[in-house]
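Trainee: For reference, the file data_13.txt (compact mmCIF, C-alpha atoms and all ligand atoms) is included below:
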```
# COMPACT_ATOMS: atom_id res chain seq x y z
CA MET A 1 -4.17 14.66 -40.30
CA THR A 2 -3.03 14.72 -36.72
CA ASN A 3 0.61 14.97 -35.70
CA SER A 4 0.04 12.91 -32.56
CA LEU A 5 0.83 9.23 -32.31
CA GLY A 6 -0.71 6.19 -30.57
CA ILE A 7 1.18 3.37 -28.87
CA TYR A 8 -0.11 -0.19 -28.45
CA ILE A 9 1.73 -2.51 -26.06
CA HIS A 10 0.94 -6.22 -26.30
CA ILE A 11 1.06 -8.41 -23.19
CA PRO A 12 1.13 -11.91 -24.70
CA PHE A 13 0.36 -14.00 -21.62
CA CYS A 14 -2.74 -16.03 -20.73
CA VAL A 15 -3.00 -18.55 -17.91
CA LYS A 16 -5.53 -20.56 -19.92
CA LYS A 17 -6.42 -20.47 -23.60
CA CYS A 18 -10.10 -19.72 -24.28
CA ASN A 19 -11.84 -22.23 -26.56
CA TYR A 20 -12.35 -19.76 -29.41
CA CYS A 21 -9.12 -17.76 -29.24
CA SER A 22 -6.53 -17.65 -32.00
CA PHE A 23 -4.60 -14.64 -30.65
CA TYR A 24 -0.94 -15.10 -29.93
CA SER A 25 -0.36 -15.71 -26.22
CA VAL A 26 1.63 -18.10 -24.04
CA LEU A 27 1.52 -19.38 -20.49
CA PRO A 28 3.69 -17.17 -18.26
CA SER A 29 6.27 -19.25 -16.41
CA GLY A 30 9.42 -18.56 -14.40
CA ASP A 31 10.73 -15.03 -14.79
CA ILE A 32 9.44 -14.59 -18.34
CA LYS A 33 7.08 -11.71 -17.53
CA GLY A 34 9.89 -9.72 -15.91
CA ARG A 35 12.21 -10.32 -18.88
CA TYR A 36 9.42 -9.40 -21.28
CA VAL A 37 8.66 -6.12 -19.50
CA LYS A 38 12.36 -5.25 -19.56
CA ARG A 39 12.44 -5.86 -23.30
CA ILE A 40 9.30 -3.73 -23.81
CA THR A 41 11.04 -0.86 -22.01
CA GLU A 42 14.05 -1.26 -24.32
CA GLU A 43 11.83 -1.09 -27.38
CA LEU A 44 10.06 1.98 -25.99
CA LYS A 45 13.47 3.61 -25.62
CA ARG A 46 14.46 2.68 -29.18
CA TRP A 47 11.19 4.01 -30.61
CA GLY A 48 11.36 7.15 -28.48
CA GLY A 49 14.71 7.91 -30.11
CA GLN A 50 13.05 7.83 -33.54
CA THR A 51 10.19 10.25 -33.10
CA ALA A 52 9.36 13.36 -31.08
CA ARG A 53 5.66 13.19 -31.96
CA PRO A 54 3.36 13.55 -28.93
CA ILE A 55 1.43 10.51 -27.73
CA ASN A 56 -2.29 11.01 -27.22
CA THR A 57 -3.39 7.39 -26.94
CA LEU A 58 -1.73 4.46 -25.19
CA TYR A 59 -3.35 1.02 -25.15
CA ILE A 60 -2.05 -1.92 -23.13
CA GLY A 61 -3.80 -5.01 -24.49
CA GLY A 62 -3.34 -8.74 -24.78
CA GLY A 63 -3.31 -11.55 -24.02
CA THR A 64 -4.00 -10.68 -20.41
CA PRO A 65 -2.49 -7.38 -19.22
CA SER A 66 -4.17 -7.88 -15.84
CA LEU A 67 -1.53 -10.58 -15.18
CA LEU A 68 1.04 -7.77 -14.83
CA THR A 69 2.07 -6.85 -11.32
CA ALA A 70 1.73 -3.24 -10.18
CA LYS A 71 5.52 -2.94 -10.41
CA GLU A 72 5.62 -4.29 -13.99
CA LEU A 73 2.88 -1.87 -15.01
CA GLU A 74 4.80 0.98 -13.42
CA LEU A 75 7.97 0.05 -15.35
CA ILE A 76 6.04 0.18 -18.63
CA LEU A 77 4.34 3.51 -17.90
CA SER A 78 7.63 5.04 -16.71
CA ALA A 79 9.36 3.93 -19.91
CA VAL A 80 6.60 5.53 -21.98
CA ARG A 81 6.87 8.80 -20.03
CA ASP A 82 10.69 8.79 -20.05
CA ASN A 83 10.95 8.27 -23.79
CA PHE A 84 7.90 10.03 -25.25
CA ASN A 85 5.91 13.18 -24.77
CA LEU A 86 2.80 11.53 -23.28
CA LEU A 87 0.19 14.29 -23.43
CA PRO A 88 -1.57 15.17 -20.14
CA ASN A 89 -5.00 14.43 -21.65
CA ALA A 90 -3.91 11.19 -23.34
CA GLU A 91 -6.38 8.29 -23.31
CA ILE A 92 -4.57 5.43 -21.52
CA THR A 93 -6.36 2.08 -21.63
CA LEU A 94 -5.62 -1.19 -19.82
CA GLU A 95 -7.39 -4.44 -20.70
CA ILE A 96 -8.61 -6.40 -17.69
CA ASN A 97 -9.91 -9.95 -17.38
CA PRO A 98 -12.63 -10.26 -14.74
CA GLY A 99 -11.63 -12.61 -11.97
CA ASP A 100 -7.99 -11.60 -11.78
CA ASP A 101 -6.94 -9.98 -8.54
CA THR A 102 -7.72 -6.52 -9.84
CA LEU A 103 -7.70 -4.28 -6.73
CA PRO A 104 -3.92 -3.81 -6.34
CA LEU A 105 -3.45 -3.52 -10.10
CA LEU A 106 -6.27 -1.03 -10.64
CA LYS A 107 -5.12 1.07 -7.66
CA ALA A 108 -1.66 1.21 -9.22
CA ALA A 109 -3.14 1.81 -12.67
CA ALA A 110 -5.12 4.83 -11.48
CA SER A 111 -2.10 6.29 -9.71
CA LEU A 112 -0.03 5.81 -12.90
CA GLY A 113 -2.53 7.84 -14.94
CA ILE A 114 -4.42 4.97 -16.59
CA ASN A 115 -7.84 6.49 -17.18
CA ARG A 116 -9.73 3.81 -19.14
CA ILE A 117 -10.16 0.06 -18.75
CA SER A 118 -11.59 -2.50 -21.13
CA ILE A 119 -13.12 -5.59 -19.52
CA GLY A 120 -13.54 -8.92 -21.33
CA VAL A 121 -17.04 -9.66 -20.01
CA GLN A 122 -18.26 -11.55 -23.15
CA SER A 123 -21.53 -12.88 -21.66
CA ALA A 124 -23.72 -12.49 -18.57
CA LYS A 125 -24.60 -16.19 -18.62
CA ASP A 126 -22.18 -18.33 -16.63
CA GLU A 127 -22.89 -21.47 -18.68
CA GLU A 128 -21.88 -19.56 -21.84
CA LEU A 129 -18.70 -18.28 -20.18
CA LYS A 130 -17.85 -21.86 -19.24
CA LEU A 131 -18.47 -23.07 -22.78
CA LEU A 132 -16.21 -20.30 -24.11
CA GLY A 133 -13.48 -21.49 -21.75
CA ARG A 134 -13.36 -18.19 -19.88
CA ARG A 135 -12.01 -18.26 -16.33
CA HIS A 136 -14.59 -15.92 -14.82
CA SER A 137 -18.28 -15.89 -14.00
CA PHE A 138 -20.42 -12.79 -14.55
CA LYS A 139 -20.33 -11.73 -10.90
CA TYR A 140 -16.58 -11.08 -11.33
CA ALA A 141 -17.33 -8.69 -14.19
CA VAL A 142 -19.67 -6.79 -11.87
CA LYS A 143 -16.96 -6.79 -9.21
CA THR A 144 -14.28 -5.55 -11.62
CA VAL A 145 -16.44 -2.57 -12.63
CA GLU A 146 -17.01 -1.76 -8.95
CA VAL A 147 -13.30 -2.02 -8.16
CA ALA A 148 -12.39 0.21 -11.12
CA ARG A 149 -14.84 2.90 -9.99
CA PHE A 150 -13.60 2.59 -6.41
CA CYS A 151 -10.08 3.24 -7.73
CA GLY A 152 -11.31 6.31 -9.62
CA ILE A 153 -11.36 4.87 -13.15
CA ASN A 154 -14.72 5.82 -14.61
CA ASN A 155 -14.18 5.39 -18.33
CA ILE A 156 -14.96 1.69 -18.75
CA SER A 157 -15.57 -0.52 -21.76
CA ALA A 158 -17.15 -3.99 -21.69
CA ASP A 159 -16.87 -6.68 -24.38
CA ILE A 160 -19.84 -8.82 -25.40
CA MET A 161 -19.90 -11.74 -27.86
CA ILE A 162 -22.87 -12.70 -30.01
CA GLY A 163 -23.58 -15.75 -32.13
CA LEU A 164 -22.51 -18.12 -29.35
CA PRO A 165 -23.21 -21.88 -29.55
CA HIS A 166 -26.84 -22.63 -28.54
CA SER A 167 -27.62 -18.90 -28.27
CA ASN A 168 -30.91 -17.34 -29.30
CA ARG A 169 -32.74 -14.04 -28.84
CA ASP A 170 -33.66 -14.83 -25.23
CA SER A 171 -30.17 -15.85 -24.13
CA LEU A 172 -28.67 -12.82 -25.86
CA GLN A 173 -31.17 -10.56 -24.09
CA VAL A 174 -29.83 -11.84 -20.74
CA SER A 175 -26.32 -10.75 -21.75
CA ILE A 176 -27.51 -7.43 -23.17
CA ASP A 177 -29.34 -6.68 -19.91
CA GLY A 178 -26.32 -7.82 -17.89
CA ILE A 179 -23.93 -5.62 -19.86
CA LEU A 180 -26.28 -2.64 -19.62
CA SER A 181 -26.57 -3.16 -15.85
CA LEU A 182 -22.81 -2.54 -15.58
CA GLY A 183 -23.41 1.05 -16.78
CA THR A 184 -20.15 1.22 -18.71
CA GLN A 185 -19.48 4.11 -21.07
CA HIS A 186 -18.42 1.90 -23.97
CA ILE A 187 -19.33 -1.55 -25.31
CA SER A 188 -17.43 -3.61 -27.89
CA ALA A 189 -19.41 -6.41 -29.53
CA TYR A 190 -17.93 -9.30 -31.46
CA ILE A 191 -19.53 -12.02 -33.53
CA LEU A 192 -18.01 -15.37 -32.58
CA LYS A 193 -16.11 -16.99 -35.43
CA VAL A 194 -14.54 -20.42 -35.27
CA GLU A 195 -10.86 -19.98 -36.15
CA GLU A 196 -8.58 -22.76 -37.28
CA GLY A 197 -6.36 -24.20 -34.56
CA THR A 198 -8.76 -23.45 -31.69
CA PRO A 199 -10.54 -26.04 -29.52
CA PHE A 200 -13.87 -24.95 -31.06
CA TYR A 201 -12.44 -25.72 -34.51
CA ARG A 202 -11.07 -29.08 -33.38
CA ASP A 203 -14.42 -30.02 -31.79
CA ASN A 204 -16.32 -28.83 -34.88
CA ILE A 205 -18.57 -26.77 -32.64
CA SER A 206 -21.76 -25.65 -34.28
CA LEU A 207 -22.89 -22.02 -34.26
CA PRO A 208 -26.26 -20.40 -35.01
CA ASP A 209 -26.87 -19.91 -38.75
CA ASP A 210 -26.20 -16.59 -40.51
CA ASP A 211 -29.83 -15.42 -40.31
CA ALA A 212 -29.97 -16.06 -36.57
CA VAL A 213 -26.67 -14.20 -36.04
CA ALA A 214 -27.92 -11.29 -38.18
CA ASP A 215 -31.04 -11.17 -36.06
CA GLN A 216 -28.92 -11.12 -32.87
CA TYR A 217 -26.76 -8.29 -34.25
CA LEU A 218 -29.78 -6.12 -35.03
CA GLN A 219 -31.37 -6.97 -31.65
CA MET A 220 -28.17 -5.85 -29.93
CA CYS A 221 -27.84 -2.63 -32.00
CA THR A 222 -31.41 -1.64 -31.13
CA ALA A 223 -30.99 -2.41 -27.42
CA PHE A 224 -27.76 -0.44 -27.06
CA LYS A 225 -29.06 2.50 -29.06
CA ASP A 226 -32.26 2.56 -26.98
CA ALA A 227 -30.03 2.67 -23.89
CA GLY A 228 -28.27 5.82 -25.15
CA TYR A 229 -25.16 4.33 -26.80
CA GLY A 230 -24.14 5.62 -30.20
CA HIS A 231 -23.30 2.87 -32.71
CA TYR A 232 -20.14 4.58 -33.90
CA GLU A 233 -18.34 1.62 -35.50
CA ILE A 234 -19.43 -1.80 -36.77
CA SER A 235 -18.53 -3.48 -33.47
CA ASN A 236 -18.51 -0.54 -31.07
CA PHE A 237 -21.02 1.49 -29.09
CA ALA A 238 -20.38 4.46 -26.81
CA LYS A 239 -22.08 7.08 -24.72
CA PRO A 240 -21.48 10.51 -26.29
CA GLY A 241 -17.83 11.54 -25.90
CA PHE A 242 -16.62 8.07 -24.89
CA GLU A 243 -15.72 6.64 -28.31
CA SER A 244 -12.35 4.87 -28.12
CA ARG A 245 -9.79 7.43 -29.23
CA HIS A 246 -7.14 4.75 -29.66
CA ASN A 247 -9.24 2.46 -31.83
CA ASN A 248 -10.42 5.46 -33.86
CA ARG A 249 -6.78 5.81 -34.92
CA TYR A 250 -6.96 2.46 -36.71
CA TRP A 251 -10.12 3.39 -38.61
CA LEU A 252 -9.00 6.93 -39.45
CA LEU A 253 -5.61 5.69 -40.69
CA GLU A 254 -3.69 7.67 -38.09
CA ASP A 255 -0.21 6.55 -37.05
CA TYR A 256 0.40 4.12 -34.22
CA ILE A 257 3.31 2.00 -33.02
CA GLY A 258 2.56 -1.53 -31.79
CA ILE A 259 5.17 -3.17 -29.57
CA GLY A 260 5.39 -6.87 -28.68
CA PRO A 261 5.13 -10.20 -30.55
CA ALA A 262 2.32 -10.10 -33.15
CA ALA A 263 1.80 -6.35 -32.64
CA HIS A 264 1.30 -4.34 -35.85
CA SER A 265 2.21 -0.71 -36.59
CA PHE A 266 1.28 1.93 -39.14
CA PHE A 267 3.87 4.66 -39.06
CA GLU A 268 4.74 7.31 -41.63
CA GLY A 269 3.05 5.46 -44.50
CA LYS A 270 4.54 2.04 -43.72
CA ARG A 271 3.10 -1.04 -42.07
CA PHE A 272 5.21 -3.46 -40.06
CA TYR A 273 4.86 -6.00 -37.28
CA TYR A 274 6.83 -8.00 -34.76
CA PRO A 275 6.75 -11.74 -35.57
CA ALA A 276 4.55 -13.79 -33.23
CA ASP A 277 7.50 -15.28 -31.35
CA LEU A 278 7.98 -14.36 -27.72
CA SER A 279 11.43 -15.85 -27.23
CA ASN A 280 12.82 -14.09 -30.29
CA PHE A 281 11.25 -10.83 -29.17
CA ILE A 282 12.93 -11.16 -25.79
CA LYS A 283 16.22 -11.95 -27.54
CA GLY A 284 15.94 -8.64 -29.41
CA SER A 285 14.00 -9.18 -32.65
CA THR A 286 12.73 -5.98 -34.26
CA PRO A 287 9.73 -5.38 -36.56
CA VAL A 288 9.57 -6.69 -40.12
CA SER A 289 8.06 -4.80 -43.04
CA ASP A 290 4.46 -5.39 -44.04
CA GLY A 291 4.68 -3.05 -47.03
CA GLU A 292 3.25 0.35 -47.77
CA GLY A 293 -0.05 1.38 -46.18
CA GLY A 294 -2.63 4.11 -46.24
CA ASP A 295 -3.73 4.12 -49.90
CA GLU A 296 -7.16 5.21 -51.18
CA GLN A 297 -8.73 1.75 -50.92
CA GLU A 298 -7.57 1.23 -47.37
CA PHE A 299 -8.83 4.68 -46.37
CA ILE A 300 -12.28 3.98 -47.84
CA MET A 301 -12.45 0.49 -46.35
CA LEU A 302 -11.63 1.68 -42.83
CA ALA A 303 -13.74 4.87 -42.99
CA LEU A 304 -16.80 2.80 -43.91
CA ARG A 305 -16.46 0.83 -40.68
CA LEU A 306 -17.39 4.03 -38.84
CA SER A 307 -20.97 5.30 -38.68
CA ARG A 308 -19.66 8.76 -39.73
CA GLY A 309 -18.58 6.94 -42.88
CA LEU A 310 -16.46 8.15 -45.75
CA VAL A 311 -16.48 11.96 -45.64
CA PHE A 312 -15.60 13.29 -49.10
CA GLU A 313 -13.85 16.42 -47.77
CA GLU A 314 -11.54 14.27 -45.64
CA TYR A 315 -10.77 12.02 -48.58
CA LYS A 316 -9.97 15.08 -50.71
CA ALA A 317 -7.76 16.59 -48.01
CA ARG A 318 -5.74 13.37 -47.91
CA PHE A 319 -5.55 12.37 -51.57
CA GLY A 320 -6.08 15.70 -53.37
CA CYS A 321 -9.19 14.67 -55.31
CA ALA A 322 -12.77 13.52 -54.74
CA PRO A 323 -13.56 9.76 -54.58
CA ASP A 324 -14.18 8.12 -57.95
CA SER A 325 -17.73 8.62 -59.31
CA SER A 326 -18.12 4.84 -59.77
CA LEU A 327 -17.90 4.51 -55.97
CA ILE A 328 -20.78 6.98 -55.55
CA ASN A 329 -22.86 5.17 -58.19
CA LYS A 330 -22.40 1.82 -56.45
CA ALA A 331 -23.24 3.43 -53.09
CA LYS A 332 -26.49 4.77 -54.61
CA PHE A 333 -27.34 1.21 -55.64
CA PHE A 334 -26.76 -0.09 -52.08
CA GLU A 335 -28.73 2.86 -50.69
CA GLN A 336 -31.81 1.61 -52.53
CA GLN A 337 -31.41 -1.70 -50.68
CA GLY A 338 -31.18 0.02 -47.29
CA LEU A 339 -27.53 -0.91 -46.81
CA CYS A 340 -25.98 2.56 -46.91
CA ILE A 341 -26.67 6.28 -46.97
CA CYS A 342 -25.11 8.34 -49.73
CA ASP A 343 -25.44 12.11 -50.09
CA ASP A 344 -23.26 14.87 -51.53
CA ARG A 345 -21.11 14.92 -48.38
CA HIS A 346 -20.50 11.29 -47.41
CA ILE A 347 -21.26 7.56 -47.65
CA SER A 348 -22.05 5.57 -44.52
CA LEU A 349 -23.39 2.09 -43.81
CA THR A 350 -26.72 1.49 -42.05
CA ASP A 351 -26.96 -1.18 -39.30
CA GLU A 352 -28.11 -3.64 -41.98
CA GLY A 353 -25.13 -2.62 -44.13
CA MET A 354 -22.72 -3.04 -41.23
CA LEU A 355 -23.96 -6.58 -40.82
CA VAL A 356 -22.78 -7.42 -44.34
CA SER A 357 -19.99 -4.85 -44.34
CA ASN A 358 -17.37 -7.16 -45.85
CA SER A 359 -19.36 -7.76 -49.02
CA VAL A 360 -20.71 -4.18 -49.31
CA ILE A 361 -17.28 -2.60 -48.80
CA GLY A 362 -15.74 -5.19 -51.13
CA GLU A 363 -18.21 -4.21 -53.87
CA LEU A 364 -17.73 -0.49 -53.28
CA ILE A 365 -13.95 -0.58 -53.64
S1 LIG A 401 -7.98 -14.23 -22.32
FE1 LIG A 401 -8.20 -13.22 -24.33
S2 LIG A 401 -6.23 -13.49 -25.35
FE2 LIG A 401 -6.27 -14.93 -23.62
S3 LIG A 401 -6.99 -16.85 -24.50
FE3 LIG A 401 -8.81 -15.78 -23.72
S4 LIG A 401 -9.58 -14.57 -25.47
FE4 LIG A 401 -7.48 -15.21 -25.97
```
Rewrite the coordinates I just gave you, this time as C-alpha cells.
Mentor:
Amino acid sequence: MTNSLGIYIHIPFCVKKCNYCSFYSVLPSGDIKGRYVKRITEELKRWGGQTARPINTLYIGGGTPSLLTAKELELILSAVRDNFNLLPNAEITLEINPGDDTLPLLKAAASLGINRISIGVQSAKDEELKLLGRRHSFKYAVKTVEVARFCGINNISADIMIGLPHSNRDSLQVSIDGILSLGTQHISAYILKVEEGTPFYRDNISLPDDDAVADQYLQMCTAFKDAGYGHYEISNFAKPGFESRHNNRYWLLEDYIGIGPAAHSFFEGKRFYYPADLSNFIKGSTPVSDGEGGDEQEFIMLALRLSRGLVFEEYKARFGCAPDSSLINKAKFFEQQGLCICDDRHISLTDEGMLVSNSVIGELI
C-alpha cells in the first residue's frame, strides 16, 4: 500500500444543467464562486493540519471547473502547496468544458503546474450534443485540445458517451472517429443512464435497448484498442503510461480526500462525505461519516473493474490470506462463458464480462 494521498476538489457550478445530469451543481451567481474558493482554501488548511502524507494526485472536477478564473485557480493551487507536500511529479488534473473561454485559464493552469486536463467532449455529432443539453459543439472540443497543447498541457483525456437516444452503430462510429481524431492520451467512456430528477427522466426519453448498447460498447472497445489504447478499466482507455493515476486510487482502494459539497473521501479506513449543500459548506459544514471502508468485498469489487483484475498476491498482502476458494470456483464458471479469465495468479473480466460487470461481480462476491 502506498503512503501517498490523493486530493479531489469539487467545483459545484454549472451555467446550465445538462439534460441527463444528476450531479450536484448550482448556477454561480453574485460573489458565490469567490466565497466558495475561500472556503475550499480553509478546508485545505484544516486537512493539511491532519496529515503529513505526500500528495501524488490532485483532481479538480465538477460541476464545471473551467468556470474558475485564473486567480481562483491560483488560490486553490497555492492552498494545496502551502498546506501539503505536493510531490513534484504529482498528476494534477483539471476538468474542462469545451466552449468555455479556455485560453486564459489553461495558460494559468500550465503555469500553476496542472499537467493533465479532462475534456467533456461526449459526442462528435452536434445534434447529439444539443439533445444532451450540452453548451458546446464538437468544433469547440477540437479547439480546446489545440489550446491545451499550445499552453503546454499534453496529457489530455476526452469523455465519450454511448447509448444515446436515437444512436446506432453508424452514429457512434462518427463519435469514435471524432474522438480518435483529437489524439488524446486517455478516453473515458460512459453509458448514458436516465437518472431520476433529470429532464430526460421527466420527458421519459427512450434509449436504445440493452442489446444495442452492448453492441455499441463492444464496437467502441474494439475501435479504441485497434487505435492503440489499452482498455484498463471498464470505462477507461489509455495509451501506455497514461492511465489516470488519480482514478486508479479509487479502484485500488488507496486513500483520497474529497473536498466540497457531495465530495466523498476514503481516508485511513473510513469513508465520509460533505453533504450536497453549497450554502452549508460555505457556512463551515464539515464531512459526515459514511462508515468503515476497505473490506475484502469492496477490494474485490473495485479490483475487478480494472483489466489487471484481482491479483491474489495483492489481496494476500492486504488481508493476510488468499481469496476464498468459492470465489475462484465461481470465476471458473464465468470463464467458461467468456466473461472472465481466471488463473493461479488473478481473476479479470473480459470485455464481454465488463459489459455485465455488475451482475458478474455481484455473483462473485
Ligand atoms: S456540465 Fe457536467 S456537471 Fe454540469 S450539468 Fe453538464 S454533465 Fe452535469
Trainee: With all atoms listed in the file as the counted atoms, please give the residues lying no more than 8 Å from segment 98-112 of chain A, apart from itself and same-chain residues fewer than 4 positions off, as a list in words.
Mentor: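 My list of contacting residues is Ser66, Leu67, Leu68, Thr69, Ala70, Leu73, Glu74, Leu77, Ile119, Gly120, Val121, Arg135, His136, Ser137, Tyr140, Ala141, Lys143, Thr144, Val147, Ala148, Cys151, Gly152 and Ile153 of chain A.
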Trainee: Tell me which of A:Cys18, A:Val145, A:Ile176, A:Ala263 sits closest to ligand LIG 401 (chain A), counting only C-alpha atoms and all ligand atoms.
Mentor: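 Among the listed residues, the smallest separation from ligand LIG 401 (chain A) belongs to A:Cys18.
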Trainee: Might you pull out every residue within 10 Å of Pro287 of chain A, with all atoms listed in the file counted and same-chain residues fewer than 6 positions away left off, and present them as a list of chain:residue names?
Mentor: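 So the residues in contact are A:Gly258, A:Ile259, A:Gly260, A:Pro261, A:Ala262, A:Ala263, A:His264, A:Ser265, A:Arg271, A:Phe272, A:Tyr273, A:Tyr274, A:Pro275, A:Phe281.
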Trainee: Near Asp255 of chain A, counting all atoms listed in the file, which residues have an atom at most 6 Å away, once you skip same-chain residues fewer than 6 positions from it, shown as a ChimeraX atom specification?
Mentor: /A:5,266-267
Trainee: Please produce an output containing C-alpha atoms for each residue in the selection, written as a PDB file, keeping the file's coordinate frame.
Mentor:
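Contents of again37.pdb, freshly written:
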```pdb
ATOM      1  CA  LEU A   5       0.830   9.230 -32.310  1.00  0.00           C
ATOM      2  CA  PHE A 266       1.280   1.930 -39.140  1.00  0.00           C
ATOM      3  CA  PHE A 267       3.870   4.660 -39.060  1.00  0.00           C
TER       4      PHE A 267
END
```
Trainee: Looking at all atoms listed in the file, which of A:Leu132, A:Met161, A:Ile60, A:Ala303 is the one that sits closest to Arg116 of chain A?
Mentor: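 The closest residue to Arg116 of chain A is A:Ile60.
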